[in-house]
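Trainee: File name final.txt; file contents compact mmCIF, N, CA and C atoms; full text below.
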```
# COMPACT_ATOMS: atom_id res chain seq x y z
N MET E 1 -62.98 -54.53 27.78
CA MET E 1 -61.76 -54.33 28.56
C MET E 1 -60.84 -53.37 27.81
N VAL E 2 -60.27 -52.40 28.51
CA VAL E 2 -59.37 -51.43 27.90
C VAL E 2 -57.99 -52.05 27.80
N LYS E 3 -57.40 -51.97 26.63
CA LYS E 3 -56.06 -52.50 26.42
C LYS E 3 -55.04 -51.40 26.69
N ARG E 4 -54.03 -51.69 27.47
CA ARG E 4 -52.99 -50.71 27.79
C ARG E 4 -51.80 -50.90 26.86
N SER E 5 -51.26 -49.80 26.43
CA SER E 5 -50.07 -49.87 25.59
C SER E 5 -48.84 -50.14 26.45
N ASP E 6 -47.73 -50.50 25.80
CA ASP E 6 -46.49 -50.72 26.53
C ASP E 6 -46.06 -49.45 27.26
N GLN E 7 -46.27 -48.29 26.65
CA GLN E 7 -45.88 -47.03 27.28
C GLN E 7 -46.67 -46.81 28.57
N GLU E 8 -47.95 -47.12 28.58
CA GLU E 8 -48.75 -46.96 29.79
C GLU E 8 -48.27 -47.90 30.89
N ARG E 9 -47.90 -49.11 30.50
CA ARG E 9 -47.36 -50.04 31.49
C ARG E 9 -46.06 -49.52 32.06
N LEU E 10 -45.21 -48.98 31.23
CA LEU E 10 -43.94 -48.42 31.67
C LEU E 10 -44.18 -47.26 32.64
N GLU E 11 -45.16 -46.43 32.35
CA GLU E 11 -45.44 -45.30 33.23
C GLU E 11 -45.90 -45.78 34.60
N LEU E 12 -46.65 -46.87 34.65
CA LEU E 12 -47.06 -47.42 35.93
C LEU E 12 -45.83 -47.85 36.72
N LEU E 13 -44.90 -48.51 36.07
CA LEU E 13 -43.68 -48.93 36.75
C LEU E 13 -42.86 -47.71 37.18
N GLN E 14 -42.74 -46.72 36.30
CA GLN E 14 -42.01 -45.52 36.66
C GLN E 14 -42.67 -44.81 37.82
N GLY E 15 -43.99 -44.76 37.81
CA GLY E 15 -44.72 -44.12 38.90
C GLY E 15 -44.46 -44.80 40.23
N THR E 16 -44.39 -46.11 40.21
CA THR E 16 -44.10 -46.84 41.44
C THR E 16 -42.69 -46.56 41.92
N LEU E 17 -41.74 -46.57 41.01
CA LEU E 17 -40.36 -46.25 41.37
C LEU E 17 -40.27 -44.81 41.87
N ASP E 18 -40.96 -43.90 41.19
CA ASP E 18 -40.95 -42.50 41.63
C ASP E 18 -41.45 -42.40 43.06
N MET E 19 -42.54 -43.09 43.36
CA MET E 19 -43.11 -43.06 44.71
C MET E 19 -42.10 -43.59 45.73
N LEU E 20 -41.43 -44.67 45.40
CA LEU E 20 -40.45 -45.25 46.32
C LEU E 20 -39.29 -44.29 46.57
N VAL E 21 -38.82 -43.65 45.51
CA VAL E 21 -37.72 -42.68 45.65
C VAL E 21 -38.15 -41.52 46.53
N LEU E 22 -39.34 -40.98 46.27
CA LEU E 22 -39.84 -39.86 47.07
C LEU E 22 -39.95 -40.28 48.53
N ARG E 23 -40.42 -41.48 48.77
CA ARG E 23 -40.58 -41.98 50.14
C ARG E 23 -39.23 -42.10 50.85
N ILE E 24 -38.25 -42.65 50.16
CA ILE E 24 -36.92 -42.78 50.77
C ILE E 24 -36.36 -41.40 51.13
N LEU E 25 -36.56 -40.44 50.25
CA LEU E 25 -35.99 -39.11 50.48
C LEU E 25 -36.78 -38.30 51.50
N GLN E 26 -37.92 -38.82 51.92
CA GLN E 26 -38.69 -38.15 52.97
C GLN E 26 -37.86 -38.06 54.25
N TRP E 27 -36.93 -38.99 54.43
CA TRP E 27 -36.14 -39.05 55.66
C TRP E 27 -34.87 -38.21 55.58
N GLY E 28 -34.60 -37.59 54.41
CA GLY E 28 -33.44 -36.71 54.29
C GLY E 28 -32.69 -36.96 53.00
N PRO E 29 -31.77 -36.05 52.66
CA PRO E 29 -31.01 -36.16 51.41
C PRO E 29 -30.21 -37.45 51.34
N GLN E 30 -30.04 -37.92 50.11
CA GLN E 30 -29.30 -39.16 49.89
C GLN E 30 -28.74 -39.15 48.47
N HIS E 31 -27.63 -39.82 48.27
CA HIS E 31 -27.09 -39.96 46.92
C HIS E 31 -27.76 -41.14 46.24
N GLY E 32 -27.64 -41.21 44.92
CA GLY E 32 -28.34 -42.23 44.14
C GLY E 32 -28.10 -43.64 44.61
N HIS E 33 -26.84 -43.99 44.82
CA HIS E 33 -26.52 -45.35 45.26
C HIS E 33 -27.18 -45.65 46.60
N GLY E 34 -27.18 -44.67 47.48
CA GLY E 34 -27.81 -44.84 48.80
C GLY E 34 -29.32 -45.03 48.69
N ILE E 35 -29.94 -44.36 47.73
CA ILE E 35 -31.38 -44.52 47.51
C ILE E 35 -31.67 -45.96 47.09
N GLY E 36 -30.89 -46.45 46.14
CA GLY E 36 -31.06 -47.83 45.69
C GLY E 36 -30.86 -48.82 46.82
N GLN E 37 -29.85 -48.58 47.64
CA GLN E 37 -29.59 -49.47 48.78
C GLN E 37 -30.73 -49.43 49.79
N ALA E 38 -31.28 -48.25 50.02
CA ALA E 38 -32.37 -48.11 50.98
C ALA E 38 -33.62 -48.85 50.50
N ILE E 39 -33.92 -48.73 49.21
CA ILE E 39 -35.08 -49.45 48.67
C ILE E 39 -34.88 -50.95 48.84
N ARG E 40 -33.70 -51.39 48.55
CA ARG E 40 -33.40 -52.83 48.67
C ARG E 40 -33.50 -53.28 50.13
N ALA E 41 -32.88 -52.53 51.03
CA ALA E 41 -32.88 -52.91 52.45
C ALA E 41 -34.29 -52.85 53.04
N GLN E 42 -35.03 -51.80 52.75
CA GLN E 42 -36.36 -51.66 53.35
C GLN E 42 -37.38 -52.62 52.76
N SER E 43 -37.07 -53.20 51.61
CA SER E 43 -37.96 -54.21 51.03
C SER E 43 -37.49 -55.62 51.38
N ASP E 44 -36.62 -55.74 52.37
CA ASP E 44 -36.05 -57.04 52.76
C ASP E 44 -35.43 -57.74 51.56
N GLU E 45 -34.71 -56.98 50.75
CA GLU E 45 -33.96 -57.50 49.60
C GLU E 45 -34.85 -57.98 48.46
N LEU E 46 -36.15 -57.70 48.49
CA LEU E 46 -37.05 -58.14 47.42
C LEU E 46 -37.00 -57.21 46.22
N LEU E 47 -36.76 -55.93 46.45
CA LEU E 47 -36.72 -54.96 45.36
C LEU E 47 -35.30 -54.50 45.13
N LYS E 48 -34.85 -54.66 43.91
CA LYS E 48 -33.52 -54.18 43.54
C LYS E 48 -33.71 -53.26 42.34
N VAL E 49 -33.34 -52.01 42.52
CA VAL E 49 -33.50 -51.03 41.45
C VAL E 49 -32.16 -50.93 40.71
N GLU E 50 -32.20 -51.24 39.44
CA GLU E 50 -31.00 -51.16 38.61
C GLU E 50 -30.66 -49.70 38.35
N THR E 51 -29.37 -49.41 38.19
CA THR E 51 -28.95 -48.03 37.93
C THR E 51 -29.57 -47.49 36.65
N GLY E 52 -29.82 -48.37 35.68
CA GLY E 52 -30.43 -47.95 34.42
C GLY E 52 -31.86 -47.49 34.57
N SER E 53 -32.48 -47.82 35.69
CA SER E 53 -33.83 -47.34 36.01
C SER E 53 -33.79 -46.21 37.02
N LEU E 54 -32.90 -46.32 38.00
CA LEU E 54 -32.87 -45.35 39.09
C LEU E 54 -32.46 -43.96 38.63
N TYR E 55 -31.36 -43.86 37.89
CA TYR E 55 -30.87 -42.53 37.54
C TYR E 55 -31.78 -41.78 36.57
N PRO E 56 -32.38 -42.45 35.59
CA PRO E 56 -33.38 -41.73 34.78
C PRO E 56 -34.56 -41.25 35.63
N ALA E 57 -34.96 -42.06 36.63
CA ALA E 57 -36.05 -41.65 37.51
C ALA E 57 -35.65 -40.42 38.31
N LEU E 58 -34.43 -40.41 38.84
CA LEU E 58 -33.96 -39.24 39.60
C LEU E 58 -33.95 -37.98 38.72
N HIS E 59 -33.45 -38.11 37.50
CA HIS E 59 -33.42 -36.95 36.59
C HIS E 59 -34.84 -36.48 36.27
N ARG E 60 -35.75 -37.42 36.08
CA ARG E 60 -37.15 -37.10 35.79
C ARG E 60 -37.78 -36.34 36.97
N LEU E 61 -37.50 -36.79 38.18
CA LEU E 61 -38.08 -36.16 39.37
C LEU E 61 -37.50 -34.77 39.59
N VAL E 62 -36.24 -34.58 39.28
CA VAL E 62 -35.63 -33.24 39.36
C VAL E 62 -36.29 -32.33 38.34
N LYS E 63 -36.46 -32.84 37.13
CA LYS E 63 -37.08 -32.04 36.05
C LYS E 63 -38.50 -31.62 36.42
N ARG E 64 -39.22 -32.48 37.11
CA ARG E 64 -40.60 -32.16 37.51
C ARG E 64 -40.65 -31.23 38.72
N GLY E 65 -39.50 -30.98 39.34
CA GLY E 65 -39.46 -30.08 40.49
C GLY E 65 -39.75 -30.76 41.81
N TRP E 66 -39.78 -32.10 41.82
CA TRP E 66 -40.08 -32.83 43.04
C TRP E 66 -38.82 -33.11 43.87
N LEU E 67 -37.66 -33.02 43.22
CA LEU E 67 -36.37 -33.18 43.90
C LEU E 67 -35.46 -32.04 43.51
N LYS E 68 -34.51 -31.75 44.38
CA LYS E 68 -33.39 -30.85 44.08
C LYS E 68 -32.14 -31.70 44.23
N SER E 69 -31.10 -31.33 43.49
CA SER E 69 -29.86 -32.09 43.62
C SER E 69 -28.69 -31.13 43.77
N GLU E 70 -27.66 -31.61 44.44
CA GLU E 70 -26.42 -30.85 44.58
C GLU E 70 -25.28 -31.82 44.82
N TRP E 71 -24.11 -31.39 44.46
CA TRP E 71 -22.93 -32.25 44.63
C TRP E 71 -22.47 -32.22 46.08
N GLY E 72 -21.99 -33.36 46.54
CA GLY E 72 -21.45 -33.49 47.88
C GLY E 72 -20.43 -34.61 47.90
N VAL E 73 -20.02 -35.00 49.09
CA VAL E 73 -19.05 -36.08 49.26
C VAL E 73 -19.72 -37.22 50.02
N SER E 74 -19.62 -38.43 49.48
CA SER E 74 -20.25 -39.60 50.08
C SER E 74 -19.46 -40.11 51.28
N GLU E 75 -20.04 -41.11 51.94
CA GLU E 75 -19.37 -41.74 53.09
C GLU E 75 -18.05 -42.37 52.68
N ALA E 76 -17.93 -42.75 51.41
CA ALA E 76 -16.71 -43.37 50.89
C ALA E 76 -15.73 -42.30 50.37
N ASN E 77 -16.00 -41.05 50.73
CA ASN E 77 -15.15 -39.93 50.33
C ASN E 77 -15.09 -39.76 48.80
N GLN E 78 -16.21 -40.08 48.16
CA GLN E 78 -16.34 -39.93 46.70
C GLN E 78 -17.27 -38.76 46.42
N ARG E 79 -17.02 -38.07 45.32
CA ARG E 79 -17.93 -37.02 44.89
C ARG E 79 -19.23 -37.67 44.44
N ALA E 80 -20.37 -37.18 44.94
CA ALA E 80 -21.66 -37.78 44.62
C ALA E 80 -22.73 -36.70 44.56
N ARG E 81 -23.72 -36.93 43.72
CA ARG E 81 -24.86 -36.02 43.64
C ARG E 81 -25.89 -36.46 44.67
N TYR E 82 -26.25 -35.54 45.55
CA TYR E 82 -27.25 -35.80 46.58
C TYR E 82 -28.59 -35.22 46.16
N TYR E 83 -29.64 -35.95 46.47
CA TYR E 83 -31.00 -35.55 46.11
C TYR E 83 -31.79 -35.31 47.38
N ARG E 84 -32.66 -34.30 47.33
CA ARG E 84 -33.54 -34.03 48.47
C ARG E 84 -34.92 -33.70 47.96
N LEU E 85 -35.90 -33.98 48.78
CA LEU E 85 -37.30 -33.75 48.46
C LEU E 85 -37.61 -32.26 48.54
N THR E 86 -38.35 -31.74 47.57
CA THR E 86 -38.81 -30.35 47.60
C THR E 86 -40.22 -30.33 48.21
N ALA E 87 -40.75 -29.12 48.45
CA ALA E 87 -42.12 -28.99 48.95
C ALA E 87 -43.09 -29.63 47.95
N ALA E 88 -42.87 -29.39 46.66
CA ALA E 88 -43.72 -29.99 45.63
C ALA E 88 -43.59 -31.52 45.65
N GLY E 89 -42.41 -32.01 45.95
CA GLY E 89 -42.19 -33.45 46.05
C GLY E 89 -42.95 -34.07 47.22
N LYS E 90 -43.04 -33.33 48.33
CA LYS E 90 -43.80 -33.82 49.48
C LYS E 90 -45.28 -33.91 49.14
N VAL E 91 -45.80 -32.92 48.41
CA VAL E 91 -47.20 -32.95 47.97
C VAL E 91 -47.42 -34.14 47.04
N GLN E 92 -46.49 -34.34 46.11
CA GLN E 92 -46.61 -35.45 45.17
C GLN E 92 -46.55 -36.80 45.88
N LEU E 93 -45.68 -36.92 46.86
CA LEU E 93 -45.60 -38.16 47.64
C LEU E 93 -46.94 -38.47 48.29
N SER E 94 -47.57 -37.46 48.85
CA SER E 94 -48.88 -37.66 49.47
C SER E 94 -49.91 -38.15 48.45
N ARG E 95 -49.89 -37.55 47.26
CA ARG E 95 -50.80 -37.99 46.19
C ARG E 95 -50.52 -39.44 45.81
N GLU E 96 -49.24 -39.76 45.64
CA GLU E 96 -48.85 -41.11 45.24
C GLU E 96 -49.25 -42.13 46.31
N GLN E 97 -49.09 -41.78 47.58
CA GLN E 97 -49.48 -42.69 48.65
C GLN E 97 -50.99 -42.93 48.63
N ASP E 98 -51.77 -41.89 48.37
CA ASP E 98 -53.23 -42.05 48.28
C ASP E 98 -53.60 -42.97 47.13
N ARG E 99 -52.98 -42.75 45.97
CA ARG E 99 -53.26 -43.59 44.81
C ARG E 99 -52.85 -45.04 45.06
N TRP E 100 -51.71 -45.21 45.71
CA TRP E 100 -51.22 -46.55 46.02
C TRP E 100 -52.21 -47.27 46.93
N SER E 101 -52.71 -46.58 47.94
CA SER E 101 -53.68 -47.18 48.86
C SER E 101 -54.94 -47.59 48.11
N GLN E 102 -55.40 -46.77 47.18
CA GLN E 102 -56.58 -47.10 46.39
C GLN E 102 -56.31 -48.34 45.54
N LEU E 103 -55.13 -48.41 44.94
CA LEU E 103 -54.78 -49.56 44.10
C LEU E 103 -54.71 -50.83 44.93
N VAL E 104 -54.08 -50.77 46.08
CA VAL E 104 -53.97 -51.94 46.96
C VAL E 104 -55.36 -52.39 47.40
N ASP E 105 -56.22 -51.45 47.76
CA ASP E 105 -57.60 -51.80 48.16
C ASP E 105 -58.34 -52.47 47.02
N ALA E 106 -58.23 -51.92 45.82
CA ALA E 106 -58.94 -52.48 44.66
C ALA E 106 -58.44 -53.90 44.34
N ILE E 107 -57.14 -54.09 44.36
CA ILE E 107 -56.58 -55.41 44.09
C ILE E 107 -56.99 -56.38 45.20
N GLY E 108 -57.00 -55.92 46.43
CA GLY E 108 -57.41 -56.75 47.55
C GLY E 108 -58.85 -57.22 47.42
N ARG E 109 -59.74 -56.35 46.92
CA ARG E 109 -61.13 -56.75 46.73
C ARG E 109 -61.25 -57.83 45.67
N ILE E 110 -60.40 -57.78 44.67
CA ILE E 110 -60.43 -58.80 43.61
C ILE E 110 -59.81 -60.11 44.11
N MET E 111 -58.69 -60.01 44.78
CA MET E 111 -57.98 -61.21 45.23
C MET E 111 -58.66 -61.89 46.41
N ASN E 112 -59.35 -61.12 47.23
CA ASN E 112 -60.02 -61.65 48.42
C ASN E 112 -61.46 -61.16 48.45
N PRO E 113 -62.28 -61.67 47.54
CA PRO E 113 -63.66 -61.17 47.48
C PRO E 113 -64.43 -61.52 48.75
N ALA E 114 -65.38 -60.64 49.07
CA ALA E 114 -66.24 -60.89 50.23
C ALA E 114 -67.10 -62.12 49.94
N PRO E 115 -67.31 -62.95 50.94
CA PRO E 115 -68.15 -64.14 50.73
C PRO E 115 -69.56 -63.72 50.28
N ALA E 116 -70.11 -64.48 49.39
CA ALA E 116 -71.47 -64.19 48.93
C ALA E 116 -72.44 -64.45 50.06
N SER E 117 -73.40 -63.54 50.20
CA SER E 117 -74.37 -63.70 51.29
C SER E 117 -75.37 -64.79 50.90
N LYS E 118 -75.78 -65.58 51.88
CA LYS E 118 -76.75 -66.66 51.65
C LYS E 118 -78.11 -66.13 52.04
N GLU E 119 -78.97 -65.99 51.05
CA GLU E 119 -80.32 -65.49 51.34
C GLU E 119 -81.33 -66.51 50.98
```
Before anything else, please render the file you have as structure tokens.

Mentor:
Amino acid sequence: MVKRSDQERLELLQGTLDMLVLRILQWGPQHGHGIGQAIRAQSDELLKVETGSLYPALHRLVKRGWLKSEWGVSEANQRARYYRLTAAGKVQLSREQDRWSQLVDAIGRIMNPAPASKE
């Protein structure tokens, strides 16, 4: 069995958060707080992304070229940085969705194995 380091585990978590952020922004630009609220609302309050995780993820995604950001004014009339998906971000989202589907299928096969055939 291959042992994973803490850094590899962290990257898996970051990758999942990255995928969720990209997915939320597929529907249009949003500020950071709004992204966190959308993840929470769309997960029926099961997922809560802390600001200490969300904003580093947003900066990472901008650095990778998957998001663009610009300053704007929020619904509360506050200055806020808005993020939007780039063309490269759309491609990455598609890749992440494919990988996620593979992971879910693999875990499903382990958790719900096919009944053994009686011969």

Trainee: Env of Glu75 (chain E): 12 Å cut, atoms = only C-alpha atoms, seq-sep filter 6 positions within chain, self excluded. Answer as a list in words.

Mentor: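 After dropping sequence-adjacent residues, the list is Gln30, His31, His33, Gly34 and Tyr82 of chain E.
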
Trainee: So the first atom is atom C of Leu46 (chain E) and the second is CA of Arg95 (chain E); what is the distance between them in Å, to one decimal place?

Mentor: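 Between atom C of Leu46 (chain E) and CA of Arg95 (chain E) the gap works out to 23.7 Å.
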
Trainee: Step one, run DSSP on the backbone; step two, keep only residues of region 19-50 of chain E assigned to alpha helix (DSSP H); then write them as a PyMOL selection string.

Mentor: chain E and resi 19-25+32-42

Trainee: Could you please determine the separation between atom C of Ser53 (chain E) and CA of Ser69 (chain E) in Å, to one decimal place?

Mentor: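 We find that atom C of Ser53 (chain E) and CA of Ser69 (chain E) lie 16.1 Å from each other.
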
Trainee: I need the residues of region 3-102 of chain E that end up classed as strand (DSSP E or B) by DSSP on the backbone, written out as a ChimeraX atom specification.

Mentor: /E:30-31,67-73,79-85

Trainee: Work out how far apart atom N of Leu22 (chain E) and atom C of Ala88 (chain E) are and give it in Å to one decimal.

Mentor: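 Between atom N of Leu22 (chain E) and atom C of Ala88 (chain E) the gap works out to 10.4 Å.
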
Trainee: Draw an axis-aligned box over all listed atoms of region 86-93 of chain E, pad each side with 3 Å, and write its centre and edge lengths in Å, one decimal, as lines of an AutoDock Vina configuration file.

Mentor:
```
center_x = -42.9
center_y = -33.7
center_z = 47.3
size_x = 15.1
size_y = 15.5
size_z = 10.3
```

Trainee: Pick from E:Ile35, E:Tyr83, E:Val62, E:Val91: nearest to Val49 (chain E), with only N, CA and C atoms counted?

Mentor: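 When distances to Val49 (chain E) are compared using only N, CA and C atoms, the smallest one comes from E:Ile35.
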
Trainee: Rank nothing, just name the residue among E:Ile107, E:Gly89, E:Arg79, E:Lys48 nearest to Gly65 (chain E), using all atoms listed in the file.

Mentor: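 For Gly65 (chain E), the nearest of the given residues is E:Gly89.
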
Trainee: With all atoms listed in the file as the basis for distance, which of E:Asn112, E:Leu67, E:Asp105, E:Leu58 is at the shortest distance from Thr86 (chain E)?

Mentor: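 Ranked by minimum distance to Thr86 (chain E), first place goes to E:Leu67.
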
Trainee: From the set E:Val104, E:Leu61, E:Val73, E:Ala80, which residue has the shortest atom-to-atom contact distance to Met19 (chain E), counting only C-alpha atoms?

Mentor: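 Looking only at the distances to Met19 (chain E), the closest residue turns out to be E:Leu61.
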
Trainee: Give the answer as one residue: which of E:Lys63, E:Gly15, E:Leu20, E:Arg81 has the shortest atom-to-atom distance to Ser43 (chain E), using only C-alpha atoms?

Mentor: E:Leu20

Trainee: Would you mind listing what lies within 9 Å of Asp18 (chain E) as a VMD selection string, with only C-alpha atoms counted and same-chain residues fewer than 6 positions away left out?

Mentor: chain E and resid 54 57 to 58 60 to 61 93 96

Trainee: Could the residues in this selection be written to a file with N, CA and C atoms, as a tab-separated table (two decimals), in the frame of the given file?

Mentor:
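Everything below was put into part.tsv:
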```
chain	number	residue	atom	x	y	z
E	54	LEU	N	-32.90	-46.32	38.00
E	54	LEU	CA	-32.87	-45.35	39.09
E	54	LEU	C	-32.46	-43.96	38.63
E	57	ALA	N	-34.96	-42.06	36.63
E	57	ALA	CA	-36.05	-41.65	37.51
E	57	ALA	C	-35.65	-40.42	38.31
E	58	LEU	N	-34.43	-40.41	38.84
E	58	LEU	CA	-33.96	-39.24	39.60
E	58	LEU	C	-33.95	-37.98	38.72
E	60	ARG	N	-35.75	-37.42	36.08
E	60	ARG	CA	-37.15	-37.10	35.79
E	60	ARG	C	-37.78	-36.34	36.97
E	61	LEU	N	-37.50	-36.79	38.18
E	61	LEU	CA	-38.08	-36.16	39.37
E	61	LEU	C	-37.50	-34.77	39.59
E	93	LEU	N	-45.68	-36.92	46.86
E	93	LEU	CA	-45.60	-38.16	47.64
E	93	LEU	C	-46.94	-38.47	48.29
E	96	GLU	N	-49.24	-39.76	45.64
E	96	GLU	CA	-48.85	-41.11	45.24
E	96	GLU	C	-49.25	-42.13	46.31
```
